[in-house]
Amino acid sequence: MNTLQLELDAGGAVRPLEFAVRRMVNVGYAGRDQAAVRAHIDELAEQGVPPPPSVPLCIPVASRNITLDGEIEIWPCRNSGEAEVVFFLSGKDIFVGVGSDHTDRELEALSIEKSKQICPNVASRRVWRFEEVKLRWDQLMLMSFVAPEPAAAFEPYQCSPLSALLPPRVLLDHVLSHGKAAACDGLVVYSGTVPVLGHPVRDAARFRCELHDETARRMLVCEYSIKQL
């Protein structure tokens with residue numbers, strides 16, 4: 001079993017949190033504006049990316065395919081990170097992190113599911129309790145940055161409030177409807193991502209994503225470098 005050594009930031013106090021991953025699901029096409037999602041699917045189809053079998057799309061990923069490390073290894077390919085909220089379900093508790101659903105863009109043209117399953121999911125070590133942020137959820141800001149070369153500075157890549165994504169309960173209920181309810185303990189869910197800022201999806205040597213809670217003046221960070229085998 002893959003056990004993650006997380007850090008829980010609860011009201012400003014940080015303590016260790018051990019989380020055993022039993023099941024993991026990556027959600028795709030999870031925008032709140034589903035008409036815009038359909039338009040995006042049509043755009044991707046013109047680029048040769050097959051449409052998903054369902055929307056939102058739930059992709060099962062091996063439970064060992066999540067890491068907190070600062071470097072990932074992938075097969076040589078066109079690839080990119082995606083900023084996402086990461087939900088960790090433990091009994092009645094829900095913890096929130098930020099992470100990246102790294103994707104093989106060449107394989108995506110053949111199979112969306114396989115393009116996610118072949119690359120690692122990366123997550124922040126620090127997490128929050130969902131209960132602490134649920135009332136201001138839509139105001140939380142999800143951002144990402146890319147560095148095209150190892151020594152290059154980060155450039156803005158994504159920036160959007162979480163109001164752009166499906167509400168958490170809608171998203172999680174959708175995921176749980178695709179599996180046994182008892183399997184929610186130890187479940188990790190990646191929320192789906194937000195659009196990039198005005199330019200195509202692109203490769204990077206380093207990727208960084210952040211989740212900002214301006215009310216509490218805090219943020220979660222996930223940053224890693226990409227090593228091609």
# chains A, B, ... in the order shown; residues from 1 in each chain; ligands from 1
$ residues_around --residues "stretch 218-227 of chain A" --least-positions-apart "5" --cutoff "8 Å" --atoms "only C-alpha atoms" --output "CSV table (one decimal) with C-alpha atoms, in the first residue's frame"
chain,number,residue,atom,x,y,z
A,69,ASP,CA,8.7,14.0,-4.7
A,70,GLY,CA,10.3,17.0,-6.4
A,71,GLU,CA,11.2,15.0,-9.6
A,72,ILE,CA,9.4,12.6,-11.8
A,73,GLU,CA,10.6,10.3,-14.5
A,74,ILE,CA,8.6,9.8,-17.7
A,97,GLY,CA,-4.1,19.5,-1.5
A,98,VAL,CA,-2.9,20.8,-4.9
A,99,GLY,CA,-1.2,18.7,-7.5
A,100,SER,CA,-0.5,17.9,-11.1
A,122,VAL,CA,2.2,14.7,-8.1
A,123,ALA,CA,0.8,16.2,-5.0
A,124,SER,CA,1.6,18.8,-2.4
A,125,ARG,CA,2.8,17.5,0.9
A,126,ARG,CA,0.8,20.1,2.8
A,127,VAL,CA,-3.0,19.9,2.9
A,150,PRO,CA,15.9,23.6,-16.0
A,204,ALA,CA,8.4,22.2,-19.6
A,205,ALA,CA,11.5,21.2,-17.6
A,206,ARG,CA,9.9,22.2,-14.3
A,207,PHE,CA,6.2,22.6,-13.3
A,208,ARG,CA,4.8,24.4,-10.3
A,209,CYS,CA,1.2,24.7,-9.1
A,210,GLU,CA,-0.4,26.7,-6.3
A,211,LEU,CA,-3.7,26.9,-4.5
A,212,HIS,CA,-4.3,30.3,-2.8
A,213,ASP,CA,-6.6,31.0,0.1
$ select_by_dssp --residues "stretch 10-227 of chain A" --states "alpha helix (DSSP H)" --output "CSV table (one decimal) with N, CA and C atoms, in the first residue's frame"
chain,number,residue,atom,x,y,z
A,34,GLN,N,-20.5,23.4,-18.6
A,34,GLN,CA,-20.4,22.2,-19.5
A,34,GLN,C,-20.5,22.5,-20.9
A,35,ALA,N,-21.2,23.6,-21.3
A,35,ALA,CA,-21.2,24.0,-22.7
A,35,ALA,C,-19.8,24.3,-23.2
A,36,ALA,N,-19.1,25.0,-22.4
A,36,ALA,CA,-17.7,25.3,-22.8
A,36,ALA,C,-16.8,24.0,-22.8
A,37,VAL,N,-17.1,23.1,-21.9
A,37,VAL,CA,-16.4,21.8,-22.0
A,37,VAL,C,-16.7,21.1,-23.3
A,38,ARG,N,-17.9,21.1,-23.7
A,38,ARG,CA,-18.3,20.4,-25.0
A,38,ARG,C,-17.6,21.1,-26.2
A,39,ALA,N,-17.5,22.4,-26.1
A,39,ALA,CA,-16.8,23.1,-27.2
A,39,ALA,C,-15.3,22.7,-27.2
A,40,HIS,N,-14.7,22.6,-26.0
A,40,HIS,CA,-13.3,22.2,-25.9
A,40,HIS,C,-13.1,20.8,-26.4
A,41,ILE,N,-14.0,19.9,-26.2
A,41,ILE,CA,-13.9,18.5,-26.7
A,41,ILE,C,-13.9,18.5,-28.2
A,42,ASP,N,-14.8,19.4,-28.8
A,42,ASP,CA,-14.8,19.5,-30.2
A,42,ASP,C,-13.5,20.1,-30.8
A,43,GLU,N,-12.9,21.0,-30.1
A,43,GLU,CA,-11.6,21.6,-30.5
A,43,GLU,C,-10.5,20.5,-30.5
A,44,LEU,N,-10.5,19.7,-29.4
A,44,LEU,CA,-9.5,18.6,-29.3
A,44,LEU,C,-9.7,17.6,-30.4
A,45,ALA,N,-11.0,17.3,-30.7
A,45,ALA,CA,-11.3,16.3,-31.8
A,45,ALA,C,-10.7,16.7,-33.1
A,46,GLU,N,-10.7,18.0,-33.4
A,46,GLU,CA,-10.1,18.5,-34.6
A,46,GLU,C,-8.6,18.4,-34.6
A,105,ARG,N,1.2,13.7,-23.9
A,105,ARG,CA,0.3,14.4,-24.9
A,105,ARG,C,0.3,13.6,-26.2
A,106,GLU,N,1.4,12.8,-26.5
A,106,GLU,CA,1.4,12.0,-27.7
A,106,GLU,C,0.4,10.8,-27.5
A,107,LEU,N,0.4,10.2,-26.4
A,107,LEU,CA,-0.5,9.1,-26.1
A,107,LEU,C,-2.0,9.5,-26.0
A,108,GLU,N,-2.1,10.8,-25.6
A,108,GLU,CA,-3.5,11.3,-25.4
A,108,GLU,C,-4.3,11.3,-26.7
A,112,ILE,N,-7.1,8.9,-24.0
A,112,ILE,CA,-7.0,9.9,-22.8
A,112,ILE,C,-6.7,9.1,-21.6
A,113,GLU,N,-7.3,8.0,-21.3
A,113,GLU,CA,-7.1,7.2,-20.1
A,113,GLU,C,-5.7,6.8,-20.0
A,114,LYS,N,-5.1,6.2,-21.0
A,114,LYS,CA,-3.7,5.7,-20.9
A,114,LYS,C,-2.7,6.9,-20.8
A,115,SER,N,-3.0,8.0,-21.4
A,115,SER,CA,-2.1,9.2,-21.3
A,115,SER,C,-2.0,9.7,-19.8
A,116,LYS,N,-3.0,9.4,-19.0
A,116,LYS,CA,-3.0,9.8,-17.6
A,116,LYS,C,-2.3,8.7,-16.8
A,117,GLN,N,-2.6,7.5,-17.1
A,117,GLN,CA,-2.2,6.3,-16.3
A,117,GLN,C,-0.7,6.0,-16.4
A,130,PHE,N,-11.0,20.3,4.3
A,130,PHE,CA,-12.0,20.8,3.4
A,130,PHE,C,-13.0,21.7,4.2
A,131,GLU,N,-13.4,21.3,5.4
A,131,GLU,CA,-14.3,22.0,6.2
A,131,GLU,C,-13.9,23.5,6.4
A,132,GLU,N,-12.6,23.7,6.5
A,132,GLU,CA,-12.1,25.1,6.7
A,132,GLU,C,-12.2,26.0,5.6
A,133,VAL,N,-12.3,25.5,4.4
A,133,VAL,CA,-12.4,26.3,3.2
A,133,VAL,C,-13.7,26.2,2.4
A,168,PRO,N,-17.2,20.8,-5.3
A,168,PRO,CA,-16.6,19.6,-4.7
A,168,PRO,C,-17.6,18.4,-4.5
A,169,ARG,N,-18.7,18.7,-3.9
A,169,ARG,CA,-19.7,17.6,-3.6
A,169,ARG,C,-20.2,17.0,-4.9
A,170,VAL,N,-20.5,17.8,-5.9
A,170,VAL,CA,-20.9,17.3,-7.2
A,170,VAL,C,-19.9,16.4,-7.8
A,171,LEU,N,-18.6,16.9,-7.7
A,171,LEU,CA,-17.5,16.1,-8.3
A,171,LEU,C,-17.3,14.8,-7.5
A,172,LEU,N,-17.3,14.8,-6.2
A,172,LEU,CA,-17.0,13.6,-5.4
A,172,LEU,C,-18.1,12.6,-5.5
A,173,ASP,N,-19.4,13.1,-5.5
A,173,ASP,CA,-20.5,12.2,-5.7
A,173,ASP,C,-20.5,11.5,-7.0
A,174,HIS,N,-20.0,12.3,-8.0
A,174,HIS,CA,-19.9,11.7,-9.4
A,174,HIS,C,-18.9,10.5,-9.4
A,175,VAL,N,-17.8,10.8,-8.7
A,175,VAL,CA,-16.7,9.8,-8.6
A,175,VAL,C,-17.2,8.6,-7.9
A,176,LEU,N,-17.8,8.8,-6.7
A,176,LEU,CA,-18.3,7.7,-5.9
A,176,LEU,C,-19.4,6.9,-6.6
$ residues_around --residues "A:Gly81" --least-positions-apart "2" --cutoff "8 Å" --atoms "only C-alpha atoms" --output "ChimeraX atom specification"
/A:79,83,100-103,207
$ select_by_dssp --residues "stretch 15-202 of chain A" --states "strand (DSSP E)" --output "PyMOL selection string"
chain A and resi 15-21+23-28+57-61+66-67+71-74+79-80+83-90+93-101+103-104+121-123+126-129+141-147+155-161+187-190
$ closest_residue --among "A:Ala147, A:Leu229, A:Leu17, A:Ala30" --to "A:Ser163" --atoms "only C-alpha atoms"
A:Ala30
$ decode --residues "stretch 58-199 of chain A" --atoms "C-alpha atoms" --output "mmCIF file, in the first residue's frame"
data_model
loop_
_atom_site.group_PDB
_atom_site.id
_atom_site.type_symbol
_atom_site.label_atom_id
_atom_site.label_comp_id
_atom_site.auth_asym_id
_atom_site.auth_seq_id
_atom_site.Cartn_x
_atom_site.Cartn_y
_atom_site.Cartn_z
ATOM 1 C CA CYS A 58 -13.441 9.290 -14.316
ATOM 2 C CA ILE A 59 -10.083 7.630 -14.977
ATOM 3 C CA PRO A 60 -8.851 4.987 -12.513
ATOM 4 C CA VAL A 61 -5.138 5.326 -11.765
ATOM 5 C CA ALA A 62 -2.919 2.882 -9.892
ATOM 6 C CA SER A 63 -2.728 3.828 -6.213
ATOM 7 C CA ARG A 64 1.066 3.679 -6.297
ATOM 8 C CA ASN A 65 1.164 6.242 -9.099
ATOM 9 C CA ILE A 66 1.130 9.268 -6.791
ATOM 10 C CA THR A 67 4.210 10.973 -5.422
ATOM 11 C CA LEU A 68 5.197 13.933 -3.255
ATOM 12 C CA ASP A 69 8.712 13.972 -4.733
ATOM 13 C CA GLY A 70 10.280 16.980 -6.422
ATOM 14 C CA GLU A 71 11.212 15.039 -9.570
ATOM 15 C CA ILE A 72 9.352 12.609 -11.809
ATOM 16 C CA GLU A 73 10.631 10.286 -14.530
ATOM 17 C CA ILE A 74 8.645 9.775 -17.738
ATOM 18 C CA TRP A 75 9.052 8.176 -21.136
ATOM 19 C CA PRO A 76 10.455 10.538 -23.811
ATOM 20 C CA CYS A 77 7.389 12.251 -25.264
ATOM 21 C CA ARG A 78 5.515 15.515 -25.535
ATOM 22 C CA ASN A 79 4.185 16.003 -22.037
ATOM 23 C CA SER A 80 2.862 18.622 -19.638
ATOM 24 C CA GLY A 81 1.543 19.149 -16.134
ATOM 25 C CA GLU A 82 -1.938 20.289 -15.180
ATOM 26 C CA ALA A 83 -2.824 22.164 -11.985
ATOM 27 C CA GLU A 84 -5.584 20.398 -10.048
ATOM 28 C CA VAL A 85 -7.133 20.251 -6.612
ATOM 29 C CA VAL A 86 -6.358 16.944 -4.901
ATOM 30 C CA PHE A 87 -8.940 15.467 -2.517
ATOM 31 C CA PHE A 88 -7.857 12.931 0.106
ATOM 32 C CA LEU A 89 -10.822 11.059 1.641
ATOM 33 C CA SER A 90 -10.319 9.409 5.011
ATOM 34 C CA GLY A 91 -13.481 8.194 6.735
ATOM 35 C CA LYS A 92 -15.635 11.279 7.231
ATOM 36 C CA ASP A 93 -12.683 13.608 6.724
ATOM 37 C CA ILE A 94 -11.789 15.295 3.448
ATOM 38 C CA PHE A 95 -8.378 16.906 3.047
ATOM 39 C CA VAL A 96 -7.475 19.251 0.208
ATOM 40 C CA GLY A 97 -4.125 19.534 -1.532
ATOM 41 C CA VAL A 98 -2.880 20.835 -4.865
ATOM 42 C CA GLY A 99 -1.164 18.745 -7.496
ATOM 43 C CA SER A 100 -0.546 17.926 -11.112
ATOM 44 C CA ASP A 101 -2.073 15.260 -13.296
ATOM 45 C CA HIS A 102 0.970 14.909 -15.562
ATOM 46 C CA THR A 103 0.030 13.816 -19.081
ATOM 47 C CA ASP A 104 1.663 12.138 -22.076
ATOM 48 C CA ARG A 105 0.347 14.358 -24.893
ATOM 49 C CA GLU A 106 1.350 11.981 -27.676
ATOM 50 C CA LEU A 107 -0.506 9.063 -26.100
ATOM 51 C CA GLU A 108 -3.484 11.340 -25.415
ATOM 52 C CA ALA A 109 -4.218 11.346 -29.160
ATOM 53 C CA LEU A 110 -4.779 7.583 -28.918
ATOM 54 C CA SER A 111 -6.238 7.184 -25.436
ATOM 55 C CA ILE A 112 -7.047 9.862 -22.849
ATOM 56 C CA GLU A 113 -7.121 7.227 -20.100
ATOM 57 C CA LYS A 114 -3.712 5.732 -20.923
ATOM 58 C CA SER A 115 -2.115 9.175 -21.271
ATOM 59 C CA LYS A 116 -2.963 9.797 -17.610
ATOM 60 C CA GLN A 117 -2.204 6.321 -16.309
ATOM 61 C CA ILE A 118 1.337 6.179 -17.715
ATOM 62 C CA CYS A 119 2.573 9.346 -15.957
ATOM 63 C CA PRO A 120 2.838 9.995 -12.212
ATOM 64 C CA ASN A 121 0.376 12.139 -10.297
ATOM 65 C CA VAL A 122 2.224 14.677 -8.148
ATOM 66 C CA ALA A 123 0.751 16.234 -4.983
ATOM 67 C CA SER A 124 1.631 18.826 -2.380
ATOM 68 C CA ARG A 125 2.827 17.495 0.943
ATOM 69 C CA ARG A 126 0.792 20.083 2.840
ATOM 70 C CA VAL A 127 -3.007 19.861 2.905
ATOM 71 C CA TRP A 128 -5.997 21.660 4.458
ATOM 72 C CA ARG A 129 -9.240 20.395 5.923
ATOM 73 C CA PHE A 130 -12.037 20.838 3.398
ATOM 74 C CA GLU A 131 -14.333 22.042 6.199
ATOM 75 C CA GLU A 132 -12.062 25.057 6.742
ATOM 76 C CA VAL A 133 -12.380 26.334 3.179
ATOM 77 C CA LYS A 134 -15.715 25.027 1.886
ATOM 78 C CA LEU A 135 -17.647 28.270 2.510
ATOM 79 C CA ARG A 136 -15.195 30.265 0.358
ATOM 80 C CA TRP A 137 -14.369 27.458 -2.069
ATOM 81 C CA ASP A 138 -15.204 29.336 -5.251
ATOM 82 C CA GLN A 139 -12.846 32.177 -4.290
ATOM 83 C CA LEU A 140 -9.791 29.937 -3.905
ATOM 84 C CA MET A 141 -7.331 30.508 -6.768
ATOM 85 C CA LEU A 142 -5.645 27.710 -8.708
ATOM 86 C CA MET A 143 -2.452 28.689 -10.530
ATOM 87 C CA SER A 144 0.421 27.031 -12.343
ATOM 88 C CA PHE A 145 3.774 28.029 -13.791
ATOM 89 C CA VAL A 146 6.186 26.402 -16.251
ATOM 90 C CA ALA A 147 9.939 26.703 -16.776
ATOM 91 C CA PRO A 148 10.917 25.680 -20.343
ATOM 92 C CA GLU A 149 14.505 24.895 -19.292
ATOM 93 C CA PRO A 150 15.923 23.619 -15.969
ATOM 94 C CA ALA A 151 17.568 26.960 -15.122
ATOM 95 C CA ALA A 152 14.845 29.183 -16.625
ATOM 96 C CA ALA A 153 12.488 31.326 -14.575
ATOM 97 C CA PHE A 154 8.885 30.218 -14.109
ATOM 98 C CA GLU A 155 6.294 31.695 -16.472
ATOM 99 C CA PRO A 156 2.542 31.965 -15.677
ATOM 100 C CA TYR A 157 0.632 29.081 -17.271
ATOM 101 C CA GLN A 158 -2.799 28.745 -15.593
ATOM 102 C CA CYS A 159 -4.808 31.007 -13.281
ATOM 103 C CA SER A 160 -8.454 30.571 -12.346
ATOM 104 C CA PRO A 161 -10.788 30.618 -9.334
ATOM 105 C CA LEU A 162 -12.218 27.249 -8.337
ATOM 106 C CA SER A 163 -15.634 28.500 -9.465
ATOM 107 C CA ALA A 164 -14.457 27.325 -12.914
ATOM 108 C CA LEU A 165 -14.641 23.682 -11.765
ATOM 109 C CA LEU A 166 -17.554 21.533 -10.629
ATOM 110 C CA PRO A 167 -18.472 22.050 -6.950
ATOM 111 C CA PRO A 168 -16.616 19.588 -4.699
ATOM 112 C CA ARG A 169 -19.677 17.615 -3.579
ATOM 113 C CA VAL A 170 -20.926 17.267 -7.151
ATOM 114 C CA LEU A 171 -17.492 16.098 -8.271
ATOM 115 C CA LEU A 172 -16.988 13.626 -5.423
ATOM 116 C CA ASP A 173 -20.534 12.239 -5.678
ATOM 117 C CA HIS A 174 -19.927 11.652 -9.384
ATOM 118 C CA VAL A 175 -16.695 9.768 -8.645
ATOM 119 C CA LEU A 176 -18.286 7.676 -5.892
ATOM 120 C CA SER A 177 -21.184 6.778 -8.193
ATOM 121 C CA HIS A 178 -18.620 4.984 -10.373
ATOM 122 C CA GLY A 179 -17.396 2.767 -7.539
ATOM 123 C CA LYS A 180 -18.375 1.225 -4.250
ATOM 124 C CA ALA A 181 -19.236 3.748 -1.529
ATOM 125 C CA ALA A 182 -17.152 1.760 0.970
ATOM 126 C CA ALA A 183 -14.112 2.465 -1.201
ATOM 127 C CA CYS A 184 -14.119 6.177 -0.321
ATOM 128 C CA ASP A 185 -11.777 5.619 2.653
ATOM 129 C CA GLY A 186 -8.270 6.051 1.254
ATOM 130 C CA LEU A 187 -9.574 7.507 -2.015
ATOM 131 C CA VAL A 188 -7.585 10.219 -3.806
ATOM 132 C CA VAL A 189 -9.393 12.319 -6.419
ATOM 133 C CA TYR A 190 -7.786 14.758 -8.864
ATOM 134 C CA SER A 191 -10.351 17.429 -9.707
ATOM 135 C CA GLY A 192 -9.711 18.161 -13.355
ATOM 136 C CA THR A 193 -7.897 21.274 -14.509
ATOM 137 C CA VAL A 194 -8.521 24.837 -15.736
ATOM 138 C CA PRO A 195 -7.604 26.391 -19.115
ATOM 139 C CA VAL A 196 -4.085 27.533 -19.951
ATOM 140 C CA LEU A 197 -3.412 31.249 -20.363
ATOM 141 C CA GLY A 198 -3.772 32.077 -24.022
ATOM 142 C CA HIS A 199 -1.239 29.687 -25.522
#
